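Peer 1: Can you keep this structure in mind? I'll have questions shortly.
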Amino acid sequence: MSGHIWRPLLVVLALVAVLIAVRQIYVPDDFGVHARGYTYGWYRSGSVIDWRWMPLQYQGKESCAECHQKQVAEIRDMPHASIQCENCHGPALDHPSDPPKLAIDTSRGLCLRCHARLPYPSSARGGLRGIDPATHHPDRECVECHPPHHPILDDVRAAGSAQGDLNASCRPCHQKQVDDIVGMPHQIIYCERCHGPKGDHPTDPPKLTIDRTRSLCLTCHDNKTRHNAGRPCVTCHDPHKSSLQFLQFLPSSGEASQ
Amino acid sequence: MMSRRDFLKKTALVLGGVMVPVTALEILKPERLQALRADEAVRWGFLVDTYKCVGCGFCVKACKLENGIPYEADVTRTWVERYVLTKDGAFHADSPLGARDGFTSPELDLNESGQLAIDPEQIDKAFFVPKLCNQCANPPCVQVCPVGATYQTPDGVVLVDRTWCIGCGYCIMACPYGARFFHPTYHTAEKCTFCYHRITDGLSPACVQACPFGARQLGNLKDPDDPVTRAIASEHVAVLKSEYGTKPQVFYVGLDWEVR
């Protein structure tokens, strides 16, 4: 055979050899045909291991219950029991080592995912308790009034001792105060909202700090900003009484309640 | 005496001649192929109950955080679509940010066409449909990959090898369900893995775990006693775009004909 055939043929063969040599070096040993054949199973099998070793972010409620038994028990019979802790408290990752504290999402937007009313009778969404976010206290956070672990205000109103349930830990010592507020408009507010964080009271702190400021009342009663401006609301209004019994310190308070 | 030219020619010839059969035959060995086709005990399948979904989007949030999908970027491995069918026969659908923040407004977000308010009196039916990769038995996205960067595992999950993907985007075009996208950080094709790192460790996928209403379930289709397998066998279920022959492994309860 003459040279003009051999020469290009050799060039081609050399290129093929180079290609194969490069492939030998560059392509990992575990790259090849696997279980699903050439069409679907042509890959580097180490990649499956890579995916299996991805770090976990969400640990699940069972993992939370290992330390936070009290909170998990408290929510067990509540409507929010089906919601994973981490949906609101954020993914646990390696908590408690990293992060030592989780950032709780207490935003209105989180609650509105389910509780913004949508007029869809054919969907389960239509059956959820919903509000119109534009008219229902638009500039409040939901958790200011609705404790997310005890969310049903109607149940609180319906049951005479519900305030006790809402504040079960206050009731054993402060029976009278808890009873007083049942049936009153403020019974839907849990004690800590005004009486400050409970902590390990009565051990630590031995006495709670009551928030008597005007600004606390105005968070809900925001139509009263100009009513006796500058004076604390509790000067005249007893927060544990009804709207007709509020004028606690006036001599004619009996008349006011009629 | 051999000339230098002859020596180089013959060396190249011998090298080439030896390497072609050695490497080529290695990857073509039929016995090895056969051995690898051994039957698996697990085939992952997914069941979505559209009656239960309320469009809260907790699944989308959990998926993005679990799998490191940039939260602010408008890309997501799973998403929820809202369908509203009105009395005049029209239907409207939206999925703002893939429902990452749920559906909080009765107005539909139609992107550049703006917001669409629908009179509640005019609504015939409305519902939510969660979507994710169908982990097809015949995945078209895998067939088109020119480099072997995407593949199907023996237990039926389609994965992407981030170290091998060249970012050509063929798979994104090939998926009839729009389940693939480019990962904004890795610049490689990205898709739902059924949370492969979780399910192979005995956990639920992040979206399944996060759903408060039990609208999403994962099961082993090879196990006849698995609740998902039993539901697929005994209930009325449908798959998306069956006409494409992709054999999706995500099954839907209550799938309306309007859903694409």
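Residue numbering restarts at 1 in every chain; chains get A, B, ... in the order shown in the structure tokens, and ligands count up from 1 in that same order.
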Name the residues in contact with region 176-187 of chain B at a cut-off of 10 Å, using only C-alpha atoms, excluding same-chain residues fewer than 2 positions from it; report them as an mmCIF file with C-alpha atoms, in the first residue's frame.
Peer 2:
```cif
data_model
loop_
_atom_site.group_PDB
_atom_site.id
_atom_site.type_symbol
_atom_site.label_atom_id
_atom_site.label_comp_id
_atom_site.auth_asym_id
_atom_site.auth_seq_id
_atom_site.Cartn_x
_atom_site.Cartn_y
_atom_site.Cartn_z
ATOM 1 C CA GLY B 68 -29.329 24.376 49.625
ATOM 2 C CA ILE B 69 -31.322 26.013 46.842
ATOM 3 C CA PRO B 70 -30.710 29.789 47.153
ATOM 4 C CA ALA B 73 -33.681 32.924 43.706
ATOM 5 C CA ASP B 74 -36.865 32.102 41.805
ATOM 6 C CA VAL B 75 -35.873 28.476 41.239
ATOM 7 C CA THR B 76 -37.098 25.486 43.199
ATOM 8 C CA ARG B 77 -37.049 21.693 43.059
ATOM 9 C CA THR B 78 -40.686 21.421 44.100
ATOM 10 C CA TRP B 79 -43.478 23.907 43.750
ATOM 11 C CA LYS B 131 -45.302 19.324 41.704
ATOM 12 C CA LEU B 132 -41.833 17.823 41.752
ATOM 13 C CA CYS B 133 -39.616 15.627 39.579
ATOM 14 C CA ASN B 134 -41.586 12.576 38.472
ATOM 15 C CA GLN B 135 -38.495 10.307 38.647
ATOM 16 C CA PRO B 139 -36.490 9.666 31.903
ATOM 17 C CA PRO B 140 -36.010 11.742 28.748
ATOM 18 C CA CYS B 141 -33.633 14.068 30.604
ATOM 19 C CA ARG B 162 -22.443 17.989 39.741
ATOM 20 C CA THR B 163 -18.765 17.232 39.102
ATOM 21 C CA CYS B 165 -22.314 18.134 34.374
ATOM 22 C CA ILE B 166 -21.102 20.547 31.691
ATOM 23 C CA GLY B 167 -24.178 22.776 31.932
ATOM 24 C CA CYS B 168 -25.326 22.311 28.335
ATOM 25 C CA GLY B 169 -28.990 22.466 29.381
ATOM 26 C CA CYS B 171 -31.884 17.899 30.086
ATOM 27 C CA ILE B 172 -33.674 21.095 31.128
ATOM 28 C CA MET B 173 -35.151 21.325 27.627
ATOM 29 C CA ALA B 174 -35.977 17.619 27.502
ATOM 30 C CA ALA B 189 -28.432 21.117 36.122
ATOM 31 C CA GLU B 190 -30.475 20.762 39.306
ATOM 32 C CA LYS B 191 -33.538 18.727 40.174
ATOM 33 C CA CYS B 192 -35.495 16.989 42.903
ATOM 34 C CA LEU B 240 -48.902 13.881 34.588
ATOM 35 C CA LYS B 241 -48.567 13.812 30.776
ATOM 36 C CA TYR B 244 -45.206 11.233 26.604
ATOM 37 C CA THR B 246 -42.080 8.748 30.353
ATOM 38 C CA ARG B 260 -50.763 19.927 32.935
#
```
Peer 1: If you run DSSP on the backbone, which residues of region 50-250 of chain A are alpha helix (DSSP H), as an NGL selection string?
Peer 2: :A and (50-52 or 61-65 or 69-75 or 85-89 or 108-115 or 153-158 or 162-166 or 175-181 or 192-195 or 214-218)
Peer 1: With 7 Å as the limit and counting only C-alpha atoms, what residues in chain B lie close to chain A? Please list them as JSON, numbers by chain.
Peer 2: {"B": [9, 12, 13, 15, 16, 19, 20, 27, 33, 36, 37, 51, 52, 53, 54, 56, 57, 58, 66, 101, 102, 103, 104, 106, 120, 125, 126, 127, 142, 143, 148, 149, 151, 152, 154, 161, 196, 197, 200, 206, 210, 212]}
Peer 1: Output C-alpha atoms of each residue in that selection to a file, as a compact mmCIF listing (two decimals), in the first residue's frame.
Peer 2:
```
# COMPACT_ATOMS: atom_id res chain seq x y z
CA LYS B 9 4.93 5.43 12.85
CA ALA B 12 1.94 4.95 17.24
CA LEU B 13 0.45 2.05 15.32
CA LEU B 15 0.10 1.81 20.87
CA GLY B 16 -3.13 2.67 19.12
CA MET B 19 -5.28 0.55 23.45
CA VAL B 20 -8.37 0.49 21.27
CA ILE B 27 -16.76 -1.05 28.70
CA LEU B 33 -23.71 -5.48 32.27
CA LEU B 36 -25.40 -5.11 37.25
CA ARG B 37 -29.00 -5.54 36.14
CA TYR B 51 -57.58 17.07 48.02
CA LYS B 52 -55.39 17.53 51.10
CA CYS B 53 -53.14 20.31 49.80
CA VAL B 54 -54.04 23.80 51.06
CA CYS B 56 -49.28 26.60 52.49
CA GLY B 57 -45.96 26.09 50.71
CA PHE B 58 -44.17 24.65 53.75
CA GLU B 66 -32.82 21.23 53.11
CA ASP B 101 -44.38 31.68 50.86
CA GLY B 102 -47.68 29.91 50.23
CA PHE B 103 -50.80 31.46 48.73
CA THR B 104 -51.89 34.37 50.92
CA PRO B 106 -57.08 35.53 46.53
CA PRO B 120 -65.60 34.38 44.56
CA LYS B 125 -63.65 25.07 41.68
CA ALA B 126 -60.21 25.88 42.91
CA PHE B 127 -57.44 23.61 44.14
CA VAL B 142 -31.20 11.18 31.11
CA GLN B 143 -31.38 10.03 27.50
CA GLY B 148 -23.35 10.80 31.41
CA ALA B 149 -23.78 13.41 34.15
CA TYR B 151 -28.53 9.01 35.47
CA GLN B 152 -31.02 6.77 37.17
CA PRO B 154 -30.94 1.30 40.74
CA ASP B 161 -23.47 14.40 39.01
CA TYR B 196 -31.84 10.95 48.38
CA HIS B 197 -29.67 11.65 51.44
CA THR B 200 -31.53 6.21 51.99
CA ALA B 206 -38.05 17.23 53.62
CA ALA B 210 -42.94 19.46 56.41
CA PRO B 212 -48.93 19.38 57.93
```
Peer 1: May I ask for the distance between CA of Cys63 (chain B) and CA of Val158 (chain B), given in Å to one decimal place?
Peer 2: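 Computed distance, CA of Cys63 (chain B) to CA of Val158 (chain B), equals 16.7 Å.
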Peer 1: Report, in Å with one decimal, the straight-line distance from CA of Lys241 (chain A) to CA of Met184 (chain A).
Peer 2: 6.1 Å
Peer 1: Which is closest to Val147 (chain B) among B:Val160, B:Val253, B:Cys211, B:Leu221, if we use only C-alpha atoms?
Peer 2: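 Using only C-alpha atoms, Val147 (chain B) sits closest to B:Val160.
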Peer 1: Excluding region 43-46 of chain B and residues on its chain fewer than 3 positions from it, collect all residues at most 9 Å away from it, counting only C-alpha atoms, and give them as a PyMOL selection string.
Peer 2: chain B and resi 40+134-135+154-157+194+216-223+228-229+248-252
Peer 1: Quick one: write out the picked residues with N, CA and C atoms as a tab-separated table (two decimals), in the first residue's frame?
Peer 2:
```tsv
chain	number	residue	atom	x	y	z
B	40	GLU	N	-33.48	-4.89	42.10
B	40	GLU	CA	-33.39	-4.11	43.33
B	40	GLU	C	-34.61	-4.40	44.20
B	134	ASN	N	-40.80	13.80	38.51
B	134	ASN	CA	-41.59	12.58	38.47
B	134	ASN	C	-40.74	11.30	38.56
B	135	GLN	N	-39.43	11.45	38.58
B	135	GLN	CA	-38.50	10.31	38.65
B	135	GLN	C	-38.96	9.23	37.67
B	154	PRO	N	-30.22	2.58	40.78
B	154	PRO	CA	-30.94	1.30	40.74
B	154	PRO	C	-32.29	1.36	41.45
B	155	ASP	N	-32.44	2.24	42.46
B	155	ASP	CA	-33.74	2.35	43.14
B	155	ASP	C	-34.64	3.42	42.51
B	156	GLY	N	-34.30	3.84	41.29
B	156	GLY	CA	-35.24	4.60	40.48
B	156	GLY	C	-35.21	6.10	40.61
B	157	VAL	N	-34.21	6.69	41.27
B	157	VAL	CA	-34.16	8.14	41.41
B	157	VAL	C	-33.20	8.70	40.37
B	194	PHE	N	-35.76	13.42	45.46
B	194	PHE	CA	-36.57	12.74	46.49
B	194	PHE	C	-35.83	12.83	47.83
B	216	ARG	N	-48.45	14.73	50.86
B	216	ARG	CA	-47.32	14.13	50.14
B	216	ARG	C	-46.85	12.88	50.89
B	217	GLN	N	-46.58	11.82	50.13
B	217	GLN	CA	-46.07	10.59	50.73
B	217	GLN	C	-45.04	9.97	49.82
B	218	LEU	N	-44.05	9.34	50.41
B	218	LEU	CA	-43.07	8.58	49.64
B	218	LEU	C	-43.18	7.12	50.03
B	219	GLY	N	-43.04	6.23	49.05
B	219	GLY	CA	-43.12	4.81	49.38
B	219	GLY	C	-42.25	3.97	48.48
B	220	ASN	N	-42.14	2.69	48.84
B	220	ASN	CA	-41.38	1.74	48.05
B	220	ASN	C	-42.35	0.94	47.19
B	221	LEU	N	-42.31	1.17	45.89
B	221	LEU	CA	-43.28	0.54	44.99
B	221	LEU	C	-43.04	-0.97	44.84
B	222	LYS	N	-41.89	-1.45	45.28
B	222	LYS	CA	-41.61	-2.90	45.20
B	222	LYS	C	-42.20	-3.65	46.38
B	223	ASP	N	-42.65	-2.89	47.40
B	223	ASP	CA	-43.20	-3.52	48.60
B	223	ASP	C	-44.73	-3.46	48.53
B	228	VAL	N	-48.22	3.55	50.26
B	228	VAL	CA	-48.24	4.23	48.97
B	228	VAL	C	-48.54	3.25	47.85
B	229	THR	N	-47.89	2.09	47.89
B	229	THR	CA	-48.11	1.07	46.87
B	229	THR	C	-49.57	0.61	46.89
B	248	PRO	N	-44.13	8.29	34.58
B	248	PRO	CA	-43.83	8.99	35.83
B	248	PRO	C	-44.08	8.12	37.05
B	249	GLN	N	-43.30	8.33	38.09
B	249	GLN	CA	-43.46	7.58	39.33
B	249	GLN	C	-43.97	8.47	40.46
B	250	VAL	N	-44.53	9.63	40.07
B	250	VAL	CA	-45.23	10.48	41.04
B	250	VAL	C	-46.71	10.38	40.67
B	251	PHE	N	-47.51	9.85	41.59
B	251	PHE	CA	-48.92	9.59	41.33
B	251	PHE	C	-49.78	10.60	42.07
B	252	TYR	N	-50.89	10.99	41.44
B	252	TYR	CA	-51.76	12.02	42.01
B	252	TYR	C	-53.15	11.48	42.29
```
Peer 1: Mind checking DSSP for region 3-103 of chain A and telling me the strand (DSSP E or B) residues as a VMD selection string?
Peer 2: chain A and resid 31 to 33 42 to 44 94 98
Peer 1: Save the residues we just selected, N, CA and C atoms, as a PDB file, in the first residue's frame?
Peer 2:
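Saved as again-v5.pdb:
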```pdb
ATOM      1  N   PHE A  31     -16.584   5.270  36.541  1.00  0.00           N
ATOM      2  CA  PHE A  31     -17.495   5.728  35.493  1.00  0.00           C
ATOM      3  C   PHE A  31     -17.740   4.578  34.532  1.00  0.00           C
ATOM      4  N   GLY A  32     -18.989   4.297  34.252  1.00  0.00           N
ATOM      5  CA  GLY A  32     -19.280   3.218  33.326  1.00  0.00           C
ATOM      6  C   GLY A  32     -20.757   2.913  33.300  1.00  0.00           C
ATOM      7  N   VAL A  33     -21.067   1.736  32.778  1.00  0.00           N
ATOM      8  CA  VAL A  33     -22.465   1.342  32.655  1.00  0.00           C
ATOM      9  C   VAL A  33     -22.900   0.641  33.928  1.00  0.00           C
ATOM     10  N   TRP A  42     -25.501   5.253  32.635  1.00  0.00           N
ATOM     11  CA  TRP A  42     -24.146   5.549  32.157  1.00  0.00           C
ATOM     12  C   TRP A  42     -23.613   6.704  32.990  1.00  0.00           C
ATOM     13  N   TYR A  43     -22.879   6.384  34.077  1.00  0.00           N
ATOM     14  CA  TYR A  43     -22.520   7.449  35.024  1.00  0.00           C
ATOM     15  C   TYR A  43     -21.376   7.037  35.925  1.00  0.00           C
ATOM     16  N   ARG A  44     -20.973   7.986  36.776  1.00  0.00           N
ATOM     17  CA  ARG A  44     -19.922   7.764  37.768  1.00  0.00           C
ATOM     18  C   ARG A  44     -20.604   7.308  39.055  1.00  0.00           C
ATOM     19  N   ASP A  94     -27.523  20.993  63.425  1.00  0.00           N
ATOM     20  CA  ASP A  94     -26.875  20.246  64.497  1.00  0.00           C
ATOM     21  C   ASP A  94     -27.201  20.836  65.865  1.00  0.00           C
ATOM     22  N   ASP A  98     -24.758  23.331  66.993  1.00  0.00           N
ATOM     23  CA  ASP A  98     -24.690  24.357  65.947  1.00  0.00           C
ATOM     24  C   ASP A  98     -25.988  24.344  65.153  1.00  0.00           C
TER      25      ASP A  98
END
```
Peer 1: Choose the residue, out of B:Val259, B:Ile232, B:Cys195, B:Val208, that has the smallest atom-to-atom separation from Asn67 (chain B); count only C-alpha atoms.
Peer 2: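 Comparing B:Val259, B:Ile232, B:Cys195, B:Val208 against Asn67 (chain B), the winner is B:Cys195.
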Peer 1: As an exercise, work out the distance from CA of Val22 (chain A) to CA of Thr153 (chain B) in Å and give it to one decimal place.
Peer 2: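 If I compute the distance from CA of Val22 (chain A) to CA of Thr153 (chain B), I get 27.2 Å.
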